[in-house]
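Engineer: One structure follows; several queries about it will come next.
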Amino acid sequence: MKRKGAFFLLMMTVTVLLTSCWSKKELTDLAIVAAMGVDKTKDGRYNVTLQIINPGNVAGGMQGGGGDMQSPPITIYSAWGDNIVEASRRASSRISRRLYYAHTNLVVVGESLAREEGVEILMDAFDRDPQFRTTSSLVIANDSTASDLVKTLTPVDKIPANKVLKTLEFTERKWGENVKVSLQDVMKGLQSSGEETVVSGFRIVGNHKQARMLENLQESAPEATLRASGIAVLKQGKLVDWLYGKTARGTVWILDKIQGTNINIDWEEEKEAIAYQTVRQKTQVSAQVKNGHPHISVHVRVEGDIGEIKVPVDITNPKVITKIEQSLNKEIKKELKKAIEHAQKNKADIFGFGEVVHRSRPNEWKKMKSKWSDVYFPKLNVDITVDAYIRRSGLRNKSFLSGVKENQK
């Protein structure tokens with residue numbers, strides 16, 4: 001009888017514990033933060049800007065409850081503090097709901113803060129908070145404050161944070177001059193042997209005051225919008241340079257993060273006559289040390305299709321295909337070389353060459369580590385080889401202009 005009583009008491013205790021809701025969070029009590037911007041004030045404090053989702057306005061097509069009155073899909077709250085945690089808690093005094101960071105997918109750092117103080121000092125707060133995800137993307141506000149960028153309303157994507165994330169994703173996949181980087185990636189890069197890494201930049205194109213107004217979204221061509229702009233070079237956590245155009249793309253090539261891009265080459269006397277679209281690519285980096293001097297080898301293999309031809313070219317001829325591939329090799333190699341020379345000028349090993357030496361030659365690396373950025377990397381000998389292949393020519397073999405000229409004869 002005693003055993004039955006003890007068993008019954010145990011079952012009742014377990015049942016009570018399993019059905020408890022001590023950590024429940026009611027959705028109506030949460031303010032979901034989609035993006036956070038961090039700037040530095042003139043008096044040295046941190047200014048945090050929070051982009052909070054208005055669920056009813058997002059689901060209701062931006063139609064408010066007052067007839068034709070429109071309401072934005074987000075609300076912005078700002079607060080200052082001596083650190084990120086203080087600023088965040090101070091913001092809660094202005095919001096009727098509990099700040100919820102589990103869905104914060106974007107962190108924006110103002111350019112001034114990134115240059116003067118760096119991003120390293122911010123990482124501890126993000127990494128320590130159990131609610132904040134280190135998989136959130138990080139961007140640097142190019143030529144603007146993080147506050148202005150977070151406040152910008154965007155067309156098509158109702159939530160501006162989603163606009164930034166999707167733009168990074170698709171421009172990385174199709175264009176190759178930007179990279180989508182998470183907080184975790186930045187922390188790993190800054191803790192690596194070289195302590196350098198890269199982060200994508202975003203800028204406001206147009207009037208930043210107009211960018212936060214609903215009237216801006218009522219235009220077919222908005223007067224202000226957000227655009228991916230350049231790659232920020234971080235050295236010891238601080239912004240030291242911006243990379244644009246082919247220099248940025250060459251950097252992404254070496255980092256093996258090119259998913260797709262377009263390369264134009266000259267043909268005979270016509271500039272940029274043939275457009276080549278990459279489909280697959282792989283970059284391999286290896287290191288050797290000879291007589292105390294490091295040597296890096298970069299090998300790029302690319303496969304792609306012919307996208308457009310502006311001059312008569314017979315691509316059914318294997319010799320012509322070989323010649324086009326050789327031109328592609330030279331063009332890609334030139335971009336990679338330009339990116340390396342630019343990085344060496346800044347003494348910033350953003351490619352992780354030092355890490356490659358560390359993995360392959362750990363004993364020699366111990367002797368080089370202290371002087372890598374200032375002595376070894378700026379004078380590093382890098383051998384670049386590129387193998388580009390044309391796999392398909394689209395729905396045509398000969399160019400359209402070739403057929404026109406044949407008919408004119």
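To be explicit about the labels: the chains of the structure tokens are called A, B, and onward in the order shown, and within each one the residues are counted from 1, while ligands get numbers from 1 in the order they are shown.
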I'd like the neighbourhood of Thr152 of chain A as an MDAnalysis selection string, where a residue qualifies if any of its atoms comes within 10 Å (using only C-alpha atoms), though same-chain residues fewer than 2 positions away should be ignored.
Structural biologist: chainID A and resid 51 74 76 147:150 154 159:161 204 208:214 216 224:226
Engineer: Would you put the residues from that selection into a file with C-alpha atoms, as a PDB file, in the first residue's frame?
Structural biologist:
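Saved result, again22.pdb, follows:
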ATOM      1  CA  GLN A  51      13.480  48.141 -36.087  1.00  0.00           C
ATOM      2  CA  ILE A  74       7.748  48.794 -38.769  1.00  0.00           C
ATOM      3  CA  ILE A  76      11.592  52.604 -34.865  1.00  0.00           C
ATOM      4  CA  SER A 147      20.239  54.754 -37.556  1.00  0.00           C
ATOM      5  CA  ASP A 148      19.416  56.242 -40.970  1.00  0.00           C
ATOM      6  CA  LEU A 149      19.789  52.873 -42.664  1.00  0.00           C
ATOM      7  CA  VAL A 150      17.569  51.025 -40.168  1.00  0.00           C
ATOM      8  CA  THR A 154      11.644  49.803 -48.627  1.00  0.00           C
ATOM      9  CA  ILE A 159      10.269  44.700 -43.659  1.00  0.00           C
ATOM     10  CA  PRO A 160      13.496  46.617 -44.494  1.00  0.00           C
ATOM     11  CA  ALA A 161      15.686  44.026 -42.723  1.00  0.00           C
ATOM     12  CA  ILE A 204      21.108  54.925 -48.758  1.00  0.00           C
ATOM     13  CA  HIS A 208      17.824  59.884 -46.118  1.00  0.00           C
ATOM     14  CA  LYS A 209      14.976  61.964 -44.649  1.00  0.00           C
ATOM     15  CA  GLN A 210      12.672  60.998 -47.510  1.00  0.00           C
ATOM     16  CA  ALA A 211      13.691  57.345 -47.076  1.00  0.00           C
ATOM     17  CA  ARG A 212      11.803  57.007 -43.784  1.00  0.00           C
ATOM     18  CA  MET A 213       8.490  58.433 -45.068  1.00  0.00           C
ATOM     19  CA  LEU A 214       5.560  56.421 -46.465  1.00  0.00           C
ATOM     20  CA  ASN A 216       8.514  57.499 -50.670  1.00  0.00           C
ATOM     21  CA  ALA A 224      15.393  57.001 -51.709  1.00  0.00           C
ATOM     22  CA  THR A 225      16.223  53.326 -51.344  1.00  0.00           C
ATOM     23  CA  LEU A 226      18.857  50.931 -49.992  1.00  0.00           C
TER      24      LEU A 226
END
Engineer: Would you please extract all helix (DSSP H, G or I) residues from segment 153-244 of chain A, as assigned by DSSP on the backbone, and give them as number ranges by chain?
Structural biologist: A: 160-174, 183-190, 210-212, 214-218
Engineer: Write the residues of the preceding selection, restricted to C-alpha atoms, as a PDB file, in the first residue's frame.
Structural biologist:
ATOM      1  CA  PRO A 160      13.496  46.617 -44.494  1.00  0.00           C
ATOM      2  CA  ALA A 161      15.686  44.026 -42.723  1.00  0.00           C
ATOM      3  CA  ASN A 162      14.444  41.390 -45.182  1.00  0.00           C
ATOM      4  CA  LYS A 163      15.259  43.707 -48.083  1.00  0.00           C
ATOM      5  CA  VAL A 164      18.897  43.960 -46.935  1.00  0.00           C
ATOM      6  CA  LEU A 165      19.257  40.219 -46.341  1.00  0.00           C
ATOM      7  CA  LYS A 166      17.696  39.218 -49.661  1.00  0.00           C
ATOM      8  CA  THR A 167      19.755  41.779 -51.573  1.00  0.00           C
ATOM      9  CA  LEU A 168      22.955  40.393 -50.053  1.00  0.00           C
ATOM     10  CA  GLU A 169      21.897  36.866 -50.882  1.00  0.00           C
ATOM     11  CA  PHE A 170      21.013  37.535 -54.521  1.00  0.00           C
ATOM     12  CA  THR A 171      23.874  39.906 -55.294  1.00  0.00           C
ATOM     13  CA  GLU A 172      26.296  37.310 -53.918  1.00  0.00           C
ATOM     14  CA  ARG A 173      24.658  34.687 -56.108  1.00  0.00           C
ATOM     15  CA  LYS A 174      24.424  36.756 -59.313  1.00  0.00           C
ATOM     16  CA  LEU A 183      28.319  37.810 -36.620  1.00  0.00           C
ATOM     17  CA  GLN A 184      29.819  34.377 -36.147  1.00  0.00           C
ATOM     18  CA  ASP A 185      31.894  34.727 -39.338  1.00  0.00           C
ATOM     19  CA  VAL A 186      33.230  38.104 -38.197  1.00  0.00           C
ATOM     20  CA  MET A 187      34.167  36.763 -34.774  1.00  0.00           C
ATOM     21  CA  LYS A 188      36.032  33.838 -36.354  1.00  0.00           C
ATOM     22  CA  GLY A 189      37.815  36.165 -38.770  1.00  0.00           C
ATOM     23  CA  LEU A 190      38.944  38.529 -36.032  1.00  0.00           C
ATOM     24  CA  GLN A 210      12.672  60.998 -47.510  1.00  0.00           C
ATOM     25  CA  ALA A 211      13.691  57.345 -47.076  1.00  0.00           C
ATOM     26  CA  ARG A 212      11.803  57.007 -43.784  1.00  0.00           C
ATOM     27  CA  LEU A 214       5.560  56.421 -46.465  1.00  0.00           C
ATOM     28  CA  GLU A 215       5.231  58.875 -49.361  1.00  0.00           C
ATOM     29  CA  ASN A 216       8.514  57.499 -50.670  1.00  0.00           C
ATOM     30  CA  LEU A 217       6.879  54.094 -51.220  1.00  0.00           C
ATOM     31  CA  GLN A 218       3.997  55.560 -53.198  1.00  0.00           C
TER      32      GLN A 218
END
Engineer: Run DSSP on the backbone and give me the residues of segment 64-287 of chain A it puts in strand (DSSP E or B), as a ChimeraX atom specification.
Structural biologist: /A:70,74-81,98-100,106-110,137-141,182,196-205,225-235,238-243,262-267,270-287
Engineer: Just give me the gap between atom CA of Thr197 of chain A and atom CA of Lys151 of chain A in Å, one decimal is fine.
Structural biologist: 27.0 Å
